[in-house]
Amino acid sequence: MTAVSTSARPVRIGTRKSNLAMVQTEWVQACLQEHFPNRTFAIEAMSTQGDKILDVALSKIGDKGLFTKELELGLLDRQVDLAVHSLKDLPTHLPEGLTLGCITERVEPADALVFHPKFADRQLAALPEGTVVGTSSLRRLAQLRHHYPHLVFKDIRGNLNTRLAKLDAGEYDALVLAAAGLQRLGMPDRIHQLLPSEISLHAVGQGALGIECREGDTEILELLKALEDEHTRDRCLAERALLRELEGGCQVPIGVNSSIEDETLTLVGMVASLDGQQLIRDTLSGSVADADTIGRTLAQKLREQGAQAILDAIVAEARS
Ligand SMILES: NCc1[nH]cc(CCC(=O)O)c1CC(=O)O
């Protein structure tokens with residue numbers, strides 16, 4: 001028999017089955033294939049709890065890892081070698097034995113407004129009293145309520161196409177969605193307006209992919225180095241450190257923005273009450289090498305300015 005250069009075992013990539021997850025995973029597969037033409041990369045698609053439970057508000061399910069747990073079990077059982085996640089769906093604490101192998105280059109991290117055609121020529125600030133805005137995110141809800149208390153907010157679930165169909169059918173006047181999802185699914189034209197960061201800060205990790213693998217799996221970790229984007233990684237490490245420091249075991253409205261100029265990383269963080277009445281926001285800069293410390297320190301600053309009381313109230317509410 002002749003030796004074949006593709007003799008190494010195929011690398012199995014775990015993903016959710018949703019359209020967005022598949023597009024993201026096919027992109028990861030193509031990048032890996034390009035960097036390592038002698039290896040084969042196979043995709044294994046799985047359903048997660050978050051894909052199955054579609055009739056309950058996300059904020060009510062409240063379980064972290066809703067979109068990631070099955071993939072993590074697949075990693076631990078060795079059914080797959082790496083798992084591709086939207087980084088914002090990946091909890092800040094990973095199960096023992098797993099690690100965040102790399103963070104890929106971020107696309108637009110901002111939230112986007114998508115309007116029903118009847119509002120085609122409006123802007124957010126000019127929406128009339130009672131306009132029905134669909135969102136399943138407490139973060140988007142709290143920030144928009146803070147700035148636009150006259151709007152009406154209505155929960156929405158389902159994948160991107162389902163949500164857009166509900167908007168077009170007139171169940172909502174507008175939706176807030178991640179611009180990244182619309183771009184990746186080839187629908188950038190549905191973005192009416194990006195939410196400016198003065199109005200709404202995005203979710204931790206939004207717009208980036210996080211690739212999880214087994215701790216100590218040097219072969220896979222070596223492959224993943226090829227996909228790492230250093231700036232995105234440092235920004236997201238700061239964002240995730242802030243979230244890790246602030247979260248108290250349930251979904252809370254926490255938003256961020258980050259940037260790097262020269263070697264200085266700037267992180268903006270925000271915690272809001274669900275009714276949008278209280279909103280605490282602050283900024284901290286430092287060396288990119290201290291990303292984790294910047295995140296943790298900013299979290300402490302927010303706590304001292306009243307974020308702790310907001311978080312305590314949300315946790316108490318969730319328990320009652
Ligand atoms: N929680 C669902 C989810 N997870 C990742 C994205 C979009 C892509 C991204 O943020 O990277 C979305 C949809 C949305 O928030 O509109």
# chains A, B, ... in the order shown; residues from 1 in each chain; ligands from 1
>>> residues_around(residues="range 112-118 of chain A", least_positions_apart="6", cutoff="7 Å", atoms="only C-alpha atoms", output="number ranges by chain")
A: 167-168, 173-179, 190-195
>>> residues_around(residues="Thr264 in chain A", least_positions_apart="5", cutoff="12 Å", atoms="only C-alpha atoms", output="list in words")
His231, Asp234, Arg235, Ser258, Ser259, Leu284, Ser285, Gly286, Ser287, Val288, Ala289, Asp290, Ala291 and Ile294 of chain A
>>> write_last_selection(atoms="N, CA and C atoms", output="short mmCIF file (atom, residue, chain, number, x, y, z; two decimals), in the first residue's frame")
data_model
loop_
_atom_site.label_atom_id
_atom_site.label_comp_id
_atom_site.auth_asym_id
_atom_site.auth_seq_id
_atom_site.Cartn_x
_atom_site.Cartn_y
_atom_site.Cartn_z
N HIS A 231 -6.39 40.38 18.62
CA HIS A 231 -7.15 41.52 19.13
C HIS A 231 -8.52 41.09 19.64
N ASP A 234 -8.08 39.28 23.00
CA ASP A 234 -7.83 40.12 24.17
C ASP A 234 -9.08 40.90 24.57
N ARG A 235 -9.80 41.42 23.58
CA ARG A 235 -11.05 42.15 23.88
C ARG A 235 -12.04 41.22 24.57
N SER A 258 -15.73 47.22 23.50
CA SER A 258 -14.28 47.17 23.72
C SER A 258 -13.56 47.59 22.46
N SER A 259 -12.35 48.09 22.66
CA SER A 259 -11.53 48.47 21.51
C SER A 259 -10.06 48.39 21.91
N LEU A 284 -12.87 51.53 31.48
CA LEU A 284 -11.52 51.35 32.02
C LEU A 284 -10.56 50.98 30.90
N SER A 285 -9.37 51.57 30.92
CA SER A 285 -8.35 51.24 29.92
C SER A 285 -7.11 50.69 30.58
N GLY A 286 -6.33 49.92 29.83
CA GLY A 286 -5.07 49.40 30.33
C GLY A 286 -4.35 48.65 29.22
N SER A 287 -3.25 48.05 29.58
CA SER A 287 -2.47 47.31 28.58
C SER A 287 -3.22 46.05 28.15
N VAL A 288 -3.13 45.71 26.86
CA VAL A 288 -3.78 44.48 26.37
C VAL A 288 -3.32 43.26 27.14
N ALA A 289 -2.11 43.31 27.67
CA ALA A 289 -1.59 42.15 28.41
C ALA A 289 -2.38 41.92 29.70
N ASP A 290 -3.10 42.96 30.14
CA ASP A 290 -3.86 42.86 31.40
C ASP A 290 -5.36 42.74 31.16
N ALA A 291 -5.75 42.13 30.03
CA ALA A 291 -7.17 42.07 29.66
C ALA A 291 -8.05 41.54 30.79
N ILE A 294 -8.39 44.02 33.64
CA ILE A 294 -9.23 45.16 33.25
C ILE A 294 -10.70 44.78 33.42
#
>>> residues_near_ligand(ligand="ligand 1", cutoff="8 Å", atoms="only C-alpha atoms and all ligand atoms", output="NGL selection string")
:A and (20 or 86-89 or 107 or 109 or 111 or 137 or 159-160 or 176-182 or 203 or 205-209)
>>> closest_atom_pairs(of="range 222-262 of chain A", to="range 296-316 of chain A", cutoff="12 Å", atoms="only C-alpha atoms", output="JSON lines")
{"residue": "A:Leu237", "atom": "CA", "partner": "A:Arg296", "partner_atom": "CA", "distance": 10.3}
{"residue": "A:Ala238", "atom": "CA", "partner": "A:Arg296", "partner_atom": "CA", "distance": 7.7}
{"residue": "A:Glu239", "atom": "CA", "partner": "A:Arg296", "partner_atom": "CA", "distance": 9.0}
{"residue": "A:Arg240", "atom": "CA", "partner": "A:Arg296", "partner_atom": "CA", "distance": 9.0}
{"residue": "A:Ala241", "atom": "CA", "partner": "A:Arg296", "partner_atom": "CA", "distance": 5.5}
{"residue": "A:Leu242", "atom": "CA", "partner": "A:Arg296", "partner_atom": "CA", "distance": 5.0}
{"residue": "A:Leu243", "atom": "CA", "partner": "A:Ala299", "partner_atom": "CA", "distance": 7.6}
{"residue": "A:Arg244", "atom": "CA", "partner": "A:Arg296", "partner_atom": "CA", "distance": 8.0}
{"residue": "A:Glu245", "atom": "CA", "partner": "A:Arg296", "partner_atom": "CA", "distance": 5.9}
{"residue": "A:Leu246", "atom": "CA", "partner": "A:Ala299", "partner_atom": "CA", "distance": 6.1}
{"residue": "A:Glu247", "atom": "CA", "partner": "A:Leu311", "partner_atom": "CA", "distance": 7.8}
{"residue": "A:Gly248", "atom": "CA", "partner": "A:Val315", "partner_atom": "CA", "distance": 7.1}
{"residue": "A:Gly249", "atom": "CA", "partner": "A:Val315", "partner_atom": "CA", "distance": 7.7}
{"residue": "A:Cys250", "atom": "CA", "partner": "A:Val315", "partner_atom": "CA", "distance": 6.7}
{"residue": "A:Gln251", "atom": "CA", "partner": "A:Ile314", "partner_atom": "CA", "distance": 8.6}
{"residue": "A:Val252", "atom": "CA", "partner": "A:Ile314", "partner_atom": "CA", "distance": 7.1}
{"residue": "A:Pro253", "atom": "CA", "partner": "A:Leu311", "partner_atom": "CA", "distance": 8.9}
{"residue": "A:Ile254", "atom": "CA", "partner": "A:Ala307", "partner_atom": "CA", "distance": 9.8}
{"residue": "A:Gly255", "atom": "CA", "partner": "A:Ala299", "partner_atom": "CA", "distance": 11.4}
{"residue": "A:Val256", "atom": "CA", "partner": "A:Leu298", "partner_atom": "CA", "distance": 10.8}
>>> write_last_selection(atoms="N, CA and C atoms", output="short mmCIF file (atom, residue, chain, number, x, y, z; two decimals), in the first residue's frame")
data_model
loop_
_atom_site.label_atom_id
_atom_site.label_comp_id
_atom_site.auth_asym_id
_atom_site.auth_seq_id
_atom_site.Cartn_x
_atom_site.Cartn_y
_atom_site.Cartn_z
N LEU A 237 -11.46 38.40 26.14
CA LEU A 237 -11.01 37.94 27.47
C LEU A 237 -11.37 38.99 28.51
N ALA A 238 -11.21 40.27 28.17
CA ALA A 238 -11.59 41.34 29.10
C ALA A 238 -13.11 41.32 29.32
N GLU A 239 -13.87 41.18 28.24
CA GLU A 239 -15.34 41.17 28.34
C GLU A 239 -15.80 39.98 29.20
N ARG A 240 -15.18 38.82 28.96
CA ARG A 240 -15.60 37.62 29.71
C ARG A 240 -15.19 37.70 31.17
N ALA A 241 -14.07 38.36 31.46
CA ALA A 241 -13.66 38.52 32.86
C ALA A 241 -14.66 39.41 33.60
N LEU A 242 -15.14 40.45 32.94
CA LEU A 242 -16.15 41.33 33.54
C LEU A 242 -17.41 40.53 33.84
N LEU A 243 -17.86 39.75 32.87
CA LEU A 243 -19.09 38.97 33.05
C LEU A 243 -18.94 37.94 34.16
N ARG A 244 -17.80 37.26 34.17
CA ARG A 244 -17.54 36.21 35.17
C ARG A 244 -17.61 36.80 36.56
N GLU A 245 -17.07 38.00 36.69
CA GLU A 245 -17.00 38.68 37.99
C GLU A 245 -18.37 39.17 38.45
N LEU A 246 -19.25 39.48 37.49
CA LEU A 246 -20.54 40.09 37.85
C LEU A 246 -21.69 39.11 37.96
N GLU A 247 -21.64 38.01 37.23
CA GLU A 247 -22.87 37.23 37.13
C GLU A 247 -23.13 36.42 38.40
N GLY A 248 -24.41 36.35 38.72
CA GLY A 248 -24.78 35.68 39.96
C GLY A 248 -25.68 34.49 39.74
N GLY A 249 -25.49 33.76 38.66
CA GLY A 249 -26.25 32.53 38.48
C GLY A 249 -27.57 32.71 37.76
N CYS A 250 -27.81 33.88 37.21
CA CYS A 250 -29.00 33.99 36.36
C CYS A 250 -28.77 35.06 35.30
N GLN A 251 -29.67 35.09 34.33
CA GLN A 251 -29.49 36.02 33.21
C GLN A 251 -29.70 37.46 33.69
N VAL A 252 -28.73 38.31 33.48
CA VAL A 252 -28.85 39.70 33.90
C VAL A 252 -28.45 40.63 32.76
N PRO A 253 -29.02 41.84 32.73
CA PRO A 253 -28.67 42.78 31.66
C PRO A 253 -27.27 43.36 31.84
N ILE A 254 -26.32 42.75 31.17
CA ILE A 254 -24.94 43.23 31.20
C ILE A 254 -24.51 43.47 29.76
N GLY A 255 -23.96 44.65 29.48
CA GLY A 255 -23.51 44.96 28.13
C GLY A 255 -22.09 45.47 28.15
N VAL A 256 -21.42 45.37 27.02
CA VAL A 256 -20.02 45.81 26.92
C VAL A 256 -19.73 46.45 25.57
#
>>> closest_residue(among="A:Leu185, A:Val133, A:Leu94, A:Leu75", to="Met22 in chain A", atoms="only C-alpha atoms")
A:Leu185
>>> closest_atom_pairs(of="range 78-173 of chain A", to="range 210-222 of chain A", cutoff="8 Å", atoms="only C-alpha atoms", output="CSV")
residue,atom,partner,partner_atom,distance
A:Asp81,CA,A:Cys213,CA,6.2
A:Leu82,CA,A:Cys213,CA,4.6
A:Ala83,CA,A:Glu212,CA,5.1
A:Val84,CA,A:Ile211,CA,4.7
A:His85,CA,A:Gly210,CA,5.3
A:Ser86,CA,A:Gly210,CA,6.1
A:Leu87,CA,A:Gly210,CA,4.5
A:Leu90,CA,A:Gly210,CA,7.4
A:Gly97,CA,A:Glu215,CA,5.2
A:Leu98,CA,A:Arg214,CA,4.5
A:Thr99,CA,A:Glu215,CA,5.2
A:Leu100,CA,A:Glu212,CA,4.5
A:Gly101,CA,A:Glu212,CA,5.2
A:Cys102,CA,A:Ile211,CA,5.4
A:Ile103,CA,A:Gly210,CA,4.7
A:Thr104,CA,A:Gly210,CA,6.7
>>> write_last_selection(atoms="C-alpha atoms", output="mmCIF file, in the first residue's frame")
data_model
loop_
_atom_site.group_PDB
_atom_site.id
_atom_site.type_symbol
_atom_site.label_atom_id
_atom_site.label_comp_id
_atom_site.auth_asym_id
_atom_site.auth_seq_id
_atom_site.Cartn_x
_atom_site.Cartn_y
_atom_site.Cartn_z
ATOM 1 C CA ASP A 81 -12.560 17.000 18.885
ATOM 2 C CA LEU A 82 -13.603 20.626 18.838
ATOM 3 C CA ALA A 83 -16.873 22.499 19.238
ATOM 4 C CA VAL A 84 -17.736 25.749 17.471
ATOM 5 C CA HIS A 85 -19.874 28.207 19.452
ATOM 6 C CA SER A 86 -21.063 31.764 19.086
ATOM 7 C CA LEU A 87 -18.790 33.046 21.836
ATOM 8 C CA LEU A 90 -20.454 30.042 25.797
ATOM 9 C CA GLY A 97 -11.456 19.021 31.255
ATOM 10 C CA LEU A 98 -12.472 21.534 28.574
ATOM 11 C CA THR A 99 -10.840 24.766 27.476
ATOM 12 C CA LEU A 100 -11.434 27.705 25.142
ATOM 13 C CA GLY A 101 -8.953 26.718 22.426
ATOM 14 C CA CYS A 102 -9.221 29.891 20.368
ATOM 15 C CA ILE A 103 -11.303 32.968 19.607
ATOM 16 C CA THR A 104 -11.744 33.878 15.943
#
>>> select_by_dssp(residues="range 77-143 of chain A", states="strand (DSSP E)", output="ChimeraX atom specification")
/A:82-86,98-103,111-115,132-134
>>> write_last_selection(atoms="N, CA and C atoms", output="PDB file, in the first residue's frame")
ATOM      1  N   LEU A  82     -13.465  19.206  18.530  1.00  0.00           N
ATOM      2  CA  LEU A  82     -13.603  20.626  18.838  1.00  0.00           C
ATOM      3  C   LEU A  82     -15.063  21.000  18.645  1.00  0.00           C
ATOM      4  N   ALA A  83     -15.485  22.061  19.337  1.00  0.00           N
ATOM      5  CA  ALA A  83     -16.873  22.499  19.238  1.00  0.00           C
ATOM      6  C   ALA A  83     -16.886  23.983  18.927  1.00  0.00           C
ATOM      7  N   VAL A  84     -17.664  24.350  17.900  1.00  0.00           N
ATOM      8  CA  VAL A  84     -17.736  25.749  17.471  1.00  0.00           C
ATOM      9  C   VAL A  84     -18.973  26.396  18.101  1.00  0.00           C
ATOM     10  N   HIS A  85     -18.766  27.488  18.812  1.00  0.00           N
ATOM     11  CA  HIS A  85     -19.874  28.207  19.452  1.00  0.00           C
ATOM     12  C   HIS A  85     -19.858  29.670  19.033  1.00  0.00           C
ATOM     13  N   SER A  86     -21.049  30.306  19.029  1.00  0.00           N
ATOM     14  CA  SER A  86     -21.063  31.764  19.086  1.00  0.00           C
ATOM     15  C   SER A  86     -20.504  32.072  20.466  1.00  0.00           C
ATOM     16  N   LEU A  98     -12.319  20.833  29.857  1.00  0.00           N
ATOM     17  CA  LEU A  98     -12.472  21.534  28.574  1.00  0.00           C
ATOM     18  C   LEU A  98     -11.850  22.921  28.659  1.00  0.00           C
ATOM     19  N   THR A  99     -11.468  23.447  27.496  1.00  0.00           N
ATOM     20  CA  THR A  99     -10.840  24.766  27.476  1.00  0.00           C
ATOM     21  C   THR A  99     -11.270  25.536  26.226  1.00  0.00           C
ATOM     22  N   LEU A 100     -11.147  26.860  26.300  1.00  0.00           N
ATOM     23  CA  LEU A 100     -11.434  27.705  25.142  1.00  0.00           C
ATOM     24  C   LEU A 100     -10.164  27.711  24.288  1.00  0.00           C
ATOM     25  N   GLY A 101     -10.159  26.922  23.233  1.00  0.00           N
ATOM     26  CA  GLY A 101      -8.953  26.718  22.426  1.00  0.00           C
ATOM     27  C   GLY A 101      -8.554  27.935  21.620  1.00  0.00           C
ATOM     28  N   CYS A 102      -9.539  28.647  21.070  1.00  0.00           N
ATOM     29  CA  CYS A 102      -9.221  29.891  20.368  1.00  0.00           C
ATOM     30  C   CYS A 102     -10.470  30.736  20.178  1.00  0.00           C
ATOM     31  N   ILE A 103     -10.234  32.020  19.920  1.00  0.00           N
ATOM     32  CA  ILE A 103     -11.303  32.968  19.607  1.00  0.00           C
ATOM     33  C   ILE A 103     -10.993  33.526  18.223  1.00  0.00           C
ATOM     34  N   ASP A 111     -25.638  45.355  17.995  1.00  0.00           N
ATOM     35  CA  ASP A 111     -26.993  44.913  17.721  1.00  0.00           C
ATOM     36  C   ASP A 111     -27.549  45.738  16.576  1.00  0.00           C
ATOM     37  N   ALA A 112     -28.485  45.119  15.837  1.00  0.00           N
ATOM     38  CA  ALA A 112     -29.095  45.794  14.692  1.00  0.00           C
ATOM     39  C   ALA A 112     -30.596  45.895  14.892  1.00  0.00           C
ATOM     40  N   LEU A 113     -31.152  46.975  14.388  1.00  0.00           N
ATOM     41  CA  LEU A 113     -32.609  47.115  14.351  1.00  0.00           C
ATOM     42  C   LEU A 113     -33.080  46.676  12.979  1.00  0.00           C
ATOM     43  N   VAL A 114     -34.105  45.839  12.993  1.00  0.00           N
ATOM     44  CA  VAL A 114     -34.741  45.420  11.741  1.00  0.00           C
ATOM     45  C   VAL A 114     -36.180  45.896  11.832  1.00  0.00           C
ATOM     46  N   PHE A 115     -36.628  46.671  10.852  1.00  0.00           N
ATOM     47  CA  PHE A 115     -37.970  47.259  10.901  1.00  0.00           C
ATOM     48  C   PHE A 115     -38.950  46.531  10.003  1.00  0.00           C
ATOM     49  N   VAL A 132     -44.139  48.143  18.745  1.00  0.00           N
ATOM     50  CA  VAL A 132     -43.850  46.841  19.359  1.00  0.00           C
ATOM     51  C   VAL A 132     -42.483  46.322  18.890  1.00  0.00           C
ATOM     52  N   VAL A 133     -41.548  46.234  19.833  1.00  0.00           N
ATOM     53  CA  VAL A 133     -40.188  45.797  19.524  1.00  0.00           C
ATOM     54  C   VAL A 133     -39.980  44.385  20.074  1.00  0.00           C
ATOM     55  N   GLY A 134     -39.570  43.464  19.225  1.00  0.00           N
ATOM     56  CA  GLY A 134     -39.341  42.083  19.643  1.00  0.00           C
ATOM     57  C   GLY A 134     -37.903  41.842  20.040  1.00  0.00           C
TER      58      GLY A 134
END
>>> residues_around(residues="Arg16 in chain A", least_positions_apart="4", cutoff="6 Å", atoms="only C-alpha atoms", output="JSON, numbers by chain")
{"A": [21, 45, 46, 47]}
>>> closest_residue(among="A:Ser197, A:Thr293, A:Asn161, A:Gln143", to="Leu279 in chain A", atoms="only C-alpha atoms")
A:Gln143
>>> atom_distance(atom1="CA of Ile199 in chain A", atom2="CA of Ala169 in chain A")
27.5 Å
>>> closest_atom_pairs(of="range 178-288 of chain A", to="range 146-157 of chain A", cutoff="9 Å", atoms="only C-alpha atoms", output="JSON lines")
{"residue": "A:Ile199", "atom": "CA", "partner": "A:His147", "partner_atom": "CA", "distance": 6.9}
{"residue": "A:Ala272", "atom": "CA", "partner": "A:His146", "partner_atom": "CA", "distance": 8.5}
{"residue": "A:Asp275", "atom": "CA", "partner": "A:His146", "partner_atom": "CA", "distance": 7.5}
{"residue": "A:Gly276", "atom": "CA", "partner": "A:His146", "partner_atom": "CA", "distance": 4.2}
{"residue": "A:Gln277", "atom": "CA", "partner": "A:His146", "partner_atom": "CA", "distance": 5.9}
{"residue": "A:Gln278", "atom": "CA", "partner": "A:His146", "partner_atom": "CA", "distance": 7.7}
{"residue": "A:Leu279", "atom": "CA", "partner": "A:His146", "partner_atom": "CA", "distance": 7.6}
>>> closest_residue(among="A:Ser320, A:Ser200, A:Thr15, A:Thr48", to="Ala110 in chain A", atoms="only C-alpha atoms")
A:Ser200
>>> atom_distance(atom1="CA of His93 in chain A", atom2="CA of Pro10 in chain A")
28.6 Å
